[in-house]
$ cat data16.txt   # compact mmCIF, C-alpha atoms and all ligand atoms
# COMPACT_ATOMS: atom_id res chain seq x y z
CA GLY A 1 34.78 127.46 165.18
CA ALA A 2 32.91 128.29 168.37
CA SER A 3 32.80 131.87 169.56
CA LEU A 4 35.05 132.97 172.39
CA PRO A 5 33.69 135.06 175.27
CA LYS A 6 34.01 138.78 174.72
CA PRO A 7 36.01 140.56 177.42
CA ALA A 8 33.95 143.01 179.52
CA ARG A 9 36.30 145.79 178.46
CA ARG A 10 38.62 146.14 175.51
CA ARG A 11 41.97 144.52 176.37
CA VAL A 12 45.09 146.25 175.11
CA LEU A 13 48.28 144.19 175.02
CA THR A 14 51.78 145.28 174.12
CA ILE A 15 53.87 142.53 172.60
CA ALA A 16 57.35 143.33 173.77
CA ASN A 17 60.82 141.85 173.98
CA GLN A 18 63.72 144.02 172.85
CA LYS A 19 65.44 140.94 171.47
CA GLY A 20 64.81 140.65 167.74
CA GLY A 21 63.65 137.41 166.16
CA VAL A 22 61.89 135.93 169.20
CA GLY A 23 58.46 135.78 167.55
CA LYS A 24 56.84 139.10 168.52
CA THR A 25 55.42 139.83 165.08
CA THR A 26 54.52 136.22 164.36
CA THR A 27 52.65 136.05 167.65
CA ALA A 28 50.92 139.40 167.13
CA VAL A 29 49.45 138.47 163.76
CA ASN A 30 48.64 134.82 164.40
CA LEU A 31 47.15 135.37 167.84
CA ALA A 32 45.08 138.21 166.40
CA ALA A 33 43.91 135.96 163.56
CA ALA A 34 43.14 133.17 166.03
CA LEU A 35 40.98 135.47 168.17
CA ALA A 36 39.24 136.93 165.11
CA LEU A 37 38.56 133.49 163.64
CA GLN A 38 36.85 132.58 166.92
CA GLY A 39 34.48 135.52 166.79
CA LEU A 40 36.32 138.41 168.46
CA SER A 41 37.20 141.76 166.89
CA VAL A 42 40.91 142.43 167.01
CA LEU A 43 43.05 145.41 166.06
CA VAL A 44 46.78 144.95 165.45
CA VAL A 45 48.77 148.17 165.72
CA ASP A 46 52.06 147.80 163.86
CA LEU A 47 54.68 149.92 165.62
CA ASP A 48 57.71 148.41 163.89
CA PRO A 49 58.97 150.48 160.91
CA GLN A 50 59.76 147.19 159.16
CA GLY A 51 56.03 146.65 158.81
CA ASN A 52 56.21 142.85 159.00
CA ALA A 53 52.92 142.57 160.85
CA SER A 54 51.25 144.71 158.17
CA THR A 55 52.66 142.42 155.48
CA ALA A 56 51.43 139.26 157.18
CA LEU A 57 47.96 140.77 157.59
CA GLY A 58 47.78 141.74 153.93
CA ALA A 59 47.62 145.46 154.78
CA ASP A 60 48.89 148.07 152.35
CA HIS A 61 51.87 149.81 153.92
CA THR A 62 53.64 151.68 151.18
CA SER A 63 55.07 155.03 152.23
CA GLY A 64 52.30 157.61 152.50
CA THR A 65 49.55 155.13 153.44
CA PRO A 66 47.71 156.37 156.58
CA SER A 67 49.64 154.53 159.29
CA SER A 68 50.85 154.41 162.88
CA TYR A 69 53.31 157.18 161.98
CA GLU A 70 50.64 159.81 161.18
CA LEU A 71 48.66 158.51 164.15
CA LEU A 72 51.54 159.21 166.56
CA LEU A 73 52.02 162.63 165.03
CA GLY A 74 48.34 163.36 165.62
CA GLU A 75 47.70 164.01 161.93
CA ILE A 76 44.99 161.35 161.54
CA THR A 77 42.56 159.43 163.76
CA ALA A 78 42.79 155.70 164.47
CA THR A 79 39.70 154.93 162.39
CA GLU A 80 41.28 156.68 159.40
CA ALA A 81 44.29 154.36 159.61
CA ILE A 82 42.46 151.06 160.12
CA GLN A 83 42.49 148.50 157.32
CA ARG A 84 40.34 145.39 157.51
CA ASN A 85 41.73 142.00 156.56
CA PRO A 86 40.32 140.96 153.16
CA LYS A 87 39.36 137.47 154.43
CA ASN A 88 38.12 138.41 157.89
CA PRO A 89 36.80 141.93 158.48
CA ARG A 90 36.94 141.38 162.26
CA LEU A 91 40.73 141.33 161.91
CA MET A 92 41.95 144.93 161.63
CA CYS A 93 45.35 146.52 161.25
CA ILE A 94 46.87 149.95 161.63
CA PRO A 95 49.89 149.45 159.40
CA ALA A 96 53.44 150.72 159.80
CA THR A 97 55.25 152.32 156.89
CA ILE A 98 58.92 153.08 156.54
CA ASP A 99 58.04 156.66 157.57
CA LEU A 100 57.88 155.35 161.13
CA ALA A 101 61.67 154.87 161.09
CA GLY A 102 62.12 158.58 161.81
CA ALA A 103 59.51 158.70 164.56
CA GLU A 104 61.78 157.49 167.34
CA ILE A 105 63.78 160.71 166.92
CA GLU A 106 60.92 163.02 165.89
CA LEU A 107 58.95 162.08 169.00
CA VAL A 108 61.72 163.21 171.34
CA SER A 109 60.88 166.90 170.96
CA MET A 110 57.09 166.48 171.02
CA VAL A 111 54.76 167.26 173.89
CA ALA A 112 53.37 164.26 175.76
CA ARG A 113 55.73 162.13 173.71
CA GLU A 114 55.10 158.95 175.70
CA GLY A 115 51.31 159.15 175.63
CA ARG A 116 50.57 159.79 171.98
CA LEU A 117 49.42 156.29 171.07
CA LYS A 118 47.24 156.09 174.20
CA THR A 119 45.59 159.37 173.24
CA ALA A 120 45.05 158.18 169.67
CA LEU A 121 43.45 154.91 170.83
CA ALA A 122 41.18 156.71 173.31
CA ASP A 123 39.26 158.11 170.31
CA SER A 124 35.57 157.44 170.94
CA ALA A 125 35.06 156.65 167.26
CA LEU A 126 36.95 153.40 167.92
CA ASP A 127 34.25 152.27 170.37
CA GLY A 128 31.82 151.96 167.49
CA LEU A 129 33.96 149.19 165.98
CA GLY A 130 33.41 146.85 168.94
CA ILE A 131 37.08 145.97 169.27
CA ASP A 132 37.74 143.30 171.92
CA PHE A 133 41.52 143.09 171.71
CA VAL A 134 44.25 145.49 170.63
CA LEU A 135 47.63 143.87 170.06
CA ILE A 136 50.55 146.25 169.61
CA ASP A 137 53.57 144.86 167.77
CA CYS A 138 56.74 146.57 169.03
CA PRO A 139 60.12 147.09 167.37
CA PRO A 140 63.15 145.29 168.87
CA SER A 141 64.20 148.15 171.14
CA LEU A 142 63.07 149.82 174.33
CA GLY A 143 62.82 153.29 172.76
CA LEU A 144 59.93 155.75 172.58
CA LEU A 145 57.82 153.58 170.26
CA THR A 146 57.84 150.73 172.78
CA VAL A 147 57.23 153.19 175.63
CA ASN A 148 54.20 154.54 173.72
CA ALA A 149 52.94 150.96 173.40
CA MET A 150 53.43 150.35 177.15
CA VAL A 151 51.57 153.54 178.07
CA ALA A 152 48.66 152.66 175.75
CA ALA A 153 48.29 149.10 177.10
CA SER A 154 47.50 147.59 180.46
CA GLU A 155 48.96 144.20 179.64
CA VAL A 156 52.35 143.12 178.38
CA LEU A 157 52.68 139.87 176.43
CA ILE A 158 56.27 138.63 176.29
CA PRO A 159 57.15 136.05 173.64
CA ILE A 160 60.15 133.97 174.63
CA GLN A 161 62.02 131.82 172.15
CA CYS A 162 62.90 128.35 173.41
CA GLU A 163 66.60 128.76 172.67
CA TYR A 164 69.91 129.43 174.40
CA TYR A 165 69.90 132.77 176.27
CA ALA A 166 66.09 132.83 176.16
CA LEU A 167 65.88 135.00 179.28
CA GLU A 168 68.73 137.27 178.24
CA GLY A 169 67.49 140.84 178.27
CA VAL A 170 64.22 139.94 179.99
CA GLY A 171 65.49 141.50 183.23
CA GLN A 172 66.02 144.79 181.43
CA LEU A 173 62.55 144.53 179.88
CA LEU A 174 61.00 143.96 183.31
CA ARG A 175 62.86 146.98 184.77
CA ASN A 176 61.54 149.13 181.93
CA ILE A 177 58.01 147.86 182.55
CA GLU A 178 58.45 148.82 186.24
CA LEU A 179 59.64 152.30 185.26
CA VAL A 180 56.64 152.84 183.00
CA GLN A 181 54.38 151.49 185.73
CA ALA A 182 55.89 153.82 188.35
CA HIS A 183 55.87 156.99 186.27
CA LEU A 184 53.44 156.70 183.37
CA ASN A 185 50.99 153.80 183.62
CA PRO A 186 50.23 152.19 187.01
CA ALA A 187 47.93 149.59 185.37
CA LEU A 188 50.72 148.01 183.32
CA HIS A 189 51.59 144.40 184.16
CA VAL A 190 52.95 141.28 182.51
CA SER A 191 49.78 139.27 181.96
CA THR A 192 50.99 136.74 179.43
CA VAL A 193 54.17 134.94 178.44
CA ILE A 194 54.18 132.72 175.37
CA LEU A 195 56.84 130.18 174.49
CA THR A 196 57.69 130.26 170.80
CA MET A 197 59.69 128.16 168.33
CA TYR A 198 59.53 125.17 170.65
CA ASP A 199 61.31 122.09 169.33
CA GLY A 200 60.09 119.07 171.31
CA ARG A 201 62.97 116.95 170.08
CA THR A 202 65.52 118.92 172.05
CA LYS A 203 66.13 118.73 175.78
CA LEU A 204 67.05 122.41 175.67
CA ALA A 205 63.54 123.47 174.70
CA ASP A 206 62.11 121.74 177.79
CA GLN A 207 64.78 123.24 180.02
CA VAL A 208 63.98 126.72 178.73
CA ALA A 209 60.25 126.11 179.15
CA ASP A 210 60.79 124.98 182.77
CA GLU A 211 63.00 127.96 183.52
CA VAL A 212 60.46 130.40 182.06
CA ARG A 213 57.59 128.76 183.99
CA GLY A 214 59.68 128.97 187.18
CA HIS A 215 60.20 132.65 186.53
CA PHE A 216 56.73 133.75 185.37
CA GLY A 217 54.46 131.09 186.86
CA SER A 218 50.84 131.18 185.73
CA ALA A 219 51.45 134.06 183.31
CA VAL A 220 52.94 131.47 180.92
CA LEU A 221 50.36 130.07 178.52
CA LYS A 222 50.01 126.27 178.55
CA SER A 223 49.85 126.37 174.76
CA VAL A 224 53.35 126.37 173.35
CA ILE A 225 54.08 127.44 169.77
CA PRO A 226 56.11 124.79 167.92
CA ARG A 227 58.88 125.62 165.50
CA SER A 228 57.19 125.05 162.16
CA VAL A 229 58.12 125.89 158.62
CA LYS A 230 54.47 126.74 157.83
CA VAL A 231 54.55 129.52 160.40
CA SER A 232 57.63 131.06 158.79
CA GLU A 233 56.32 130.65 155.22
CA ALA A 234 52.91 132.28 155.71
CA PRO A 235 54.00 135.97 155.78
CA GLY A 236 55.66 135.53 152.39
CA TYR A 237 52.15 135.05 151.00
CA GLY A 238 50.70 137.99 152.94
CA MET A 239 48.89 135.53 155.18
CA THR A 240 48.71 134.36 158.75
CA VAL A 241 49.35 130.66 159.30
CA LEU A 242 45.63 130.30 160.06
CA ASP A 243 44.87 131.16 156.43
CA TYR A 244 47.97 129.61 154.91
CA ASP A 245 47.60 126.18 156.51
CA PRO A 246 44.66 126.03 158.93
CA GLY A 247 45.29 122.41 159.88
CA SER A 248 48.97 122.82 160.69
CA ARG A 249 50.36 122.44 164.19
CA GLY A 250 51.37 126.10 164.13
CA ALA A 251 47.81 127.20 163.36
CA MET A 252 46.38 124.88 166.02
CA SER A 253 48.77 126.14 168.67
CA TYR A 254 47.84 129.78 168.02
CA LEU A 255 44.13 128.86 168.14
CA ASP A 256 44.76 127.20 171.52
CA ALA A 257 46.73 130.20 172.75
CA GLY A 258 43.89 132.50 171.72
CA ARG A 259 41.32 130.35 173.54
CA GLU A 260 43.46 130.36 176.66
CA MET A 261 43.84 134.13 176.59
CA ALA A 262 40.14 134.76 176.05
CA ALA A 263 39.24 132.33 178.87
CA ARG A 264 41.54 134.18 181.24
CA ALA A 265 39.85 137.43 180.32
CA ALA A 266 36.48 135.93 181.18
CA ALA A 267 37.85 134.63 184.50
CA ASN A 268 39.30 138.03 185.37
CA ASP A 269 36.06 139.77 184.44
CA GLY A 270 34.23 137.38 186.76
CA ARG A 271 36.50 138.11 189.71
CA LYS A 272 36.07 141.84 189.22
CA GLY A 273 32.31 141.35 189.21
CA GLU A 274 32.43 139.57 192.57
CA ALA A 275 34.61 142.19 194.24
P1 LIG B 301 60.36 139.42 166.08
O1 LIG B 301 59.13 140.16 165.67
O2 LIG B 301 60.46 139.20 167.56
O3 LIG B 301 61.61 140.04 165.52
P2 LIG B 301 59.45 137.39 164.23
O4 LIG B 301 58.06 137.10 164.63
O5 LIG B 301 59.66 138.29 163.06
O6 LIG B 301 60.28 137.93 165.48
O7 LIG B 301 60.18 135.98 164.00
C1 LIG B 301 61.52 135.92 163.62
C2 LIG B 301 61.70 134.87 162.54
O8 LIG B 301 61.37 133.59 163.06
C3 LIG B 301 60.82 135.09 161.34
O9 LIG B 301 61.52 134.72 160.18
C4 LIG B 301 59.65 134.15 161.58
O10 LIG B 301 59.05 133.71 160.38
C5 LIG B 301 60.33 133.00 162.30
N1 LIG B 301 59.40 132.32 163.22
C6 LIG B 301 58.66 132.89 164.20
N2 LIG B 301 57.93 131.97 164.85
C7 LIG B 301 58.22 130.77 164.26
C8 LIG B 301 57.79 129.42 164.48
N3 LIG B 301 56.92 129.10 165.44
N4 LIG B 301 58.30 128.46 163.68
C9 LIG B 301 59.20 128.77 162.72
N5 LIG B 301 59.64 130.00 162.46
C10 LIG B 301 59.17 131.01 163.22
MG MG B 302 58.92 141.98 164.69
$ encode --input "data16.txt" --output "structure tokens" --more "lines below"
Ligand code: ADP
Ligand code: MG
Amino acid sequence: GASLPKPARRRVLTIANQKGGVGKTTTAVNLAAALALQGLSVLVVDLDPQGNASTALGADHTSGTPSSYELLLGEITATEAIQRNPKNPRLMCIPATIDLAGAEIELVSMVAREGRLKTALADSALDGLGIDFVLIDCPPSLGLLTVNAMVAASEVLIPIQCEYYALEGVGQLLRNIELVQAHLNPALHVSTVILTMYDGRTKLADQVADEVRGHFGSAVLKSVIPRSVKVSEAPGYGMTVLDYDPGSRGAMSYLDAGREMAARAAANDGRKGEA
């Protein structure tokens, strides 16, 4: 496909929602693949000990593999942990291994415990890789791993499932974002909201979509991700839906979402240039 505009500066997004099963990981890997397929270089940082993003990206994540765990501990550099996708080298992953499960507790007693991922990603060796987007996949909690992600990023991307109680817990997420913004990272803001698992046959899905748009306004992407069995099957083959079934509605919707995000970056860059 055609190449998307490169952002003027590397954009770092945290994909957060402490509710499990809303599509955080699915969005992280498929959006990353969509951006990479359209010419951008993208790094996914897997911060969930379950390692589902690593699996979907075909990254090795057996215990002991250089991963986000050693990175947070400061034992390795980011470039040492990066694995490139076998099909698209522009798509990169820092995997999560089960070792990360202990990190939430181990981090508590460490110095600068909230800023360890930010420090690791500030490594100048990363600049040489020309990374345009970093997408950080968070675990379903608001603990220290998610706080590290929010300190390392300037943007938050919130996936919201088009289901009952879609906005449940979002208030708490927003308060946490405000706390991080006030005390640790003034640049942090919710830049993007993406509606996932949309079922156009139900009235409920439209009601949820309207409610979310009322709440978040223009932060909500116009592209909506449909509920699709292809999307849920792909990780079982160690693939994103863009590899598994490139012509599927799920793949198309993530390509659209990626285009929309990249276009916004270009627009923002332009405004900054005028100022
Ligand atoms: P989270 O990371 O927020 O816990 P996941 O991305 O793992 O959520 O998604 C939860 C489950 O829903 C997974 O089994 C995933 O395959 C499935 N899923 C996610 N998005 C879709 C979709 N658009 N259509 C169908 N199933 C989906
Ligand atoms: Mg997940």
$ closest_residue --input "data16.txt" --among "A:Gly217, A:Gly169, A:Pro226, A:Pro49" --to "ligand LIG 301 (chain B)" --atoms "all atoms listed in the file"
A:Pro226
$ residues_near_ligand --input "data16.txt" --ligand "ligand LIG 301 (chain B)" --cutoff "6 Å" --atoms "all atoms listed in the file" --output "PDB file with C-alpha atoms, in the coordinates of the input"
ATOM      1  CA  GLY A  20      64.810 140.650 167.740  1.00  0.00           C
ATOM      2  CA  GLY A  21      63.650 137.410 166.160  1.00  0.00           C
ATOM      3  CA  VAL A  22      61.890 135.930 169.200  1.00  0.00           C
ATOM      4  CA  GLY A  23      58.460 135.780 167.550  1.00  0.00           C
ATOM      5  CA  LYS A  24      56.840 139.100 168.520  1.00  0.00           C
ATOM      6  CA  THR A  25      55.420 139.830 165.080  1.00  0.00           C
ATOM      7  CA  THR A  26      54.520 136.220 164.360  1.00  0.00           C
ATOM      8  CA  THR A 196      57.690 130.260 170.800  1.00  0.00           C
ATOM      9  CA  MET A 197      59.690 128.160 168.330  1.00  0.00           C
ATOM     10  CA  ILE A 225      54.080 127.440 169.770  1.00  0.00           C
ATOM     11  CA  PRO A 226      56.110 124.790 167.920  1.00  0.00           C
ATOM     12  CA  ARG A 227      58.880 125.620 165.500  1.00  0.00           C
ATOM     13  CA  SER A 228      57.190 125.050 162.160  1.00  0.00           C
ATOM     14  CA  VAL A 229      58.120 125.890 158.620  1.00  0.00           C
ATOM     15  CA  VAL A 231      54.550 129.520 160.400  1.00  0.00           C
ATOM     16  CA  SER A 232      57.630 131.060 158.790  1.00  0.00           C
TER      17      SER A 232
END
$ residues_near_ligand --input "data16.txt" --ligand "ligand MG 302 (chain B)" --cutoff "12 Å" --atoms "only C-alpha atoms and all ligand atoms" --output "CSV table (one decimal) with C-alpha atoms, in the coordinates of the input"
chain,number,residue,atom,x,y,z
A,15,ILE,CA,53.9,142.5,172.6
A,16,ALA,CA,57.4,143.3,173.8
A,17,ASN,CA,60.8,141.8,174.0
A,18,GLN,CA,63.7,144.0,172.8
A,19,LYS,CA,65.4,140.9,171.5
A,20,GLY,CA,64.8,140.6,167.7
A,21,GLY,CA,63.6,137.4,166.2
A,22,VAL,CA,61.9,135.9,169.2
A,23,GLY,CA,58.5,135.8,167.6
A,24,LYS,CA,56.8,139.1,168.5
A,25,THR,CA,55.4,139.8,165.1
A,26,THR,CA,54.5,136.2,164.4
A,27,THR,CA,52.6,136.0,167.6
A,28,ALA,CA,50.9,139.4,167.1
A,29,VAL,CA,49.4,138.5,163.8
A,45,VAL,CA,48.8,148.2,165.7
A,46,ASP,CA,52.1,147.8,163.9
A,47,LEU,CA,54.7,149.9,165.6
A,48,ASP,CA,57.7,148.4,163.9
A,49,PRO,CA,59.0,150.5,160.9
A,50,GLN,CA,59.8,147.2,159.2
A,51,GLY,CA,56.0,146.6,158.8
A,52,ASN,CA,56.2,142.8,159.0
A,53,ALA,CA,52.9,142.6,160.8
A,54,SER,CA,51.2,144.7,158.2
A,55,THR,CA,52.7,142.4,155.5
A,56,ALA,CA,51.4,139.3,157.2
A,96,ALA,CA,53.4,150.7,159.8
A,136,ILE,CA,50.6,146.2,169.6
A,137,ASP,CA,53.6,144.9,167.8
A,138,CYS,CA,56.7,146.6,169.0
A,139,PRO,CA,60.1,147.1,167.4
A,140,PRO,CA,63.2,145.3,168.9
A,141,SER,CA,64.2,148.2,171.1
A,146,THR,CA,57.8,150.7,172.8
A,159,PRO,CA,57.2,136.0,173.6
A,235,PRO,CA,54.0,136.0,155.8
$ residues_around --input "data16.txt" --residues "stretch 77-89 of chain A" --least-positions-apart "2" --cutoff "8 Å" --atoms "all atoms listed in the file" --output "NGL selection string"
:A and (36-37 or 57-59 or 66-68 or 71 or 74-75 or 91-95 or 120-121 or 123 or 125-126)
$ residues_around --input "data16.txt" --residues "A:Asp256" --least-positions-apart "6" --cutoff "12 Å" --atoms "all atoms listed in the file" --output "PyMOL selection string"
chain A and resi 1+4+30-31+33-35+37-38+194+221-225+242+249-250+262-263
$ atom_distance --input "data16.txt" --atom1 "atom CA of A:Ala205" --atom2 "atom CA of A:Val44"
28.8 Å
$ closest_residue --input "data16.txt" --among "A:Ala152, A:Asp199, A:Ala32, A:Asp245" --to "A:Thr119" --atoms "all atoms listed in the file"
A:Ala152
$ atom_distance --input "data16.txt" --atom1 "atom CA of A:Glu260" --atom2 "atom CA of A:Phe216"
16.2 Å
$ residues_around --input "data16.txt" --residues "A:Arg116" --least-positions-apart "5" --cutoff "8 Å" --atoms "all atoms listed in the file" --output "PyMOL selection string"
chain A and resi 72-74+148
$ closest_residue --input "data16.txt" --among "A:Gly39, A:Gly171, A:Pro5, A:Gly115" --to "A:Val147" --atoms "only C-alpha atoms"
A:Gly115
$ residues_near_point --input "data16.txt" --point "(53.3, 134.8, 183.9)" --cutoff "9 Å" --atoms "only C-alpha atoms" --output "PyMOL selection string"
chain A and resi 190-194+212-213+215-221
$ atom_distance --input "data16.txt" --atom1 "atom CA of A:Arg90" --atom2 "atom CA of A:Ala257"
18.2 Å
$ residues_around --input "data16.txt" --residues "A:Val12" --least-positions-apart "6" --cutoff "8 Å" --atoms "all atoms listed in the file" --output "compact mmCIF listing (two decimals) with C-alpha atoms, keeping the file's coordinate frame"
# COMPACT_ATOMS: atom_id res chain seq x y z
CA PHE A 133 41.52 143.09 171.71
CA VAL A 134 44.25 145.49 170.63
CA LEU A 135 47.63 143.87 170.06
CA ILE A 136 50.55 146.25 169.61
CA ALA A 152 48.66 152.66 175.75
CA ALA A 153 48.29 149.10 177.10
CA SER A 154 47.50 147.59 180.46
CA GLU A 155 48.96 144.20 179.64
$ closest_residue --input "data16.txt" --among "A:Leu117, A:Ala234, A:Val156, A:Gly102" --to "A:Ile76" --atoms "all atoms listed in the file"
A:Leu117
$ closest_residue --input "data16.txt" --among "A:Ala8, A:Ile160, A:Ala149, A:Leu40" --to "A:Asn185" --atoms "only C-alpha atoms"
A:Ala149
$ build_atoms --input "data16.txt" --residues "stretch 87-99 of chain A" --atoms "N, CA and C atoms" --output "PDB file, keeping the file's coordinate frame"
ATOM      1  N   LYS A  87      40.064 138.740 154.181  1.00  0.00           N
ATOM      2  CA  LYS A  87      39.360 137.470 154.430  1.00  0.00           C
ATOM      3  C   LYS A  87      38.487 137.521 155.668  1.00  0.00           C
ATOM      4  N   ASN A  88      38.895 138.329 156.644  1.00  0.00           N
ATOM      5  CA  ASN A  88      38.120 138.410 157.890  1.00  0.00           C
ATOM      6  C   ASN A  88      38.063 139.854 158.366  1.00  0.00           C
ATOM      7  N   PRO A  89      36.919 140.513 158.133  1.00  0.00           N
ATOM      8  CA  PRO A  89      36.800 141.930 158.480  1.00  0.00           C
ATOM      9  C   PRO A  89      36.913 142.214 159.980  1.00  0.00           C
ATOM     10  N   ARG A  90      36.770 141.162 160.815  1.00  0.00           N
ATOM     11  CA  ARG A  90      36.940 141.380 162.260  1.00  0.00           C
ATOM     12  C   ARG A  90      38.418 141.550 162.629  1.00  0.00           C
ATOM     13  N   LEU A  91      39.284 141.212 161.687  1.00  0.00           N
ATOM     14  CA  LEU A  91      40.730 141.330 161.910  1.00  0.00           C
ATOM     15  C   LEU A  91      41.200 142.636 161.278  1.00  0.00           C
ATOM     16  N   MET A  92      41.605 143.581 162.112  1.00  0.00           N
ATOM     17  CA  MET A  92      41.950 144.930 161.630  1.00  0.00           C
ATOM     18  C   MET A  92      43.414 145.237 161.898  1.00  0.00           C
ATOM     19  N   CYS A  93      43.928 146.174 161.118  1.00  0.00           N
ATOM     20  CA  CYS A  93      45.350 146.520 161.250  1.00  0.00           C
ATOM     21  C   CYS A  93      45.544 148.014 161.040  1.00  0.00           C
ATOM     22  N   ILE A  94      46.317 148.629 161.922  1.00  0.00           N
ATOM     23  CA  ILE A  94      46.870 149.950 161.630  1.00  0.00           C
ATOM     24  C   ILE A  94      48.305 149.677 161.198  1.00  0.00           C
ATOM     25  N   PRO A  95      48.597 149.882 159.916  1.00  0.00           N
ATOM     26  CA  PRO A  95      49.890 149.450 159.400  1.00  0.00           C
ATOM     27  C   PRO A  95      51.040 150.380 159.817  1.00  0.00           C
ATOM     28  N   ALA A  96      52.238 149.888 159.630  1.00  0.00           N
ATOM     29  CA  ALA A  96      53.440 150.720 159.800  1.00  0.00           C
ATOM     30  C   ALA A  96      54.094 150.873 158.430  1.00  0.00           C
ATOM     31  N   THR A  97      54.483 152.079 158.116  1.00  0.00           N
ATOM     32  CA  THR A  97      55.250 152.320 156.890  1.00  0.00           C
ATOM     33  C   THR A  97      56.682 152.673 157.277  1.00  0.00           C
ATOM     34  N   ILE A  98      57.518 152.748 156.294  1.00  0.00           N
ATOM     35  CA  ILE A  98      58.920 153.080 156.540  1.00  0.00           C
ATOM     36  C   ILE A  98      59.066 154.484 157.152  1.00  0.00           C
ATOM     37  N   ASP A  99      58.023 155.312 156.975  1.00  0.00           N
ATOM     38  CA  ASP A  99      58.040 156.660 157.570  1.00  0.00           C
ATOM     39  C   ASP A  99      58.227 156.602 159.092  1.00  0.00           C
TER      40      ASP A  99
END
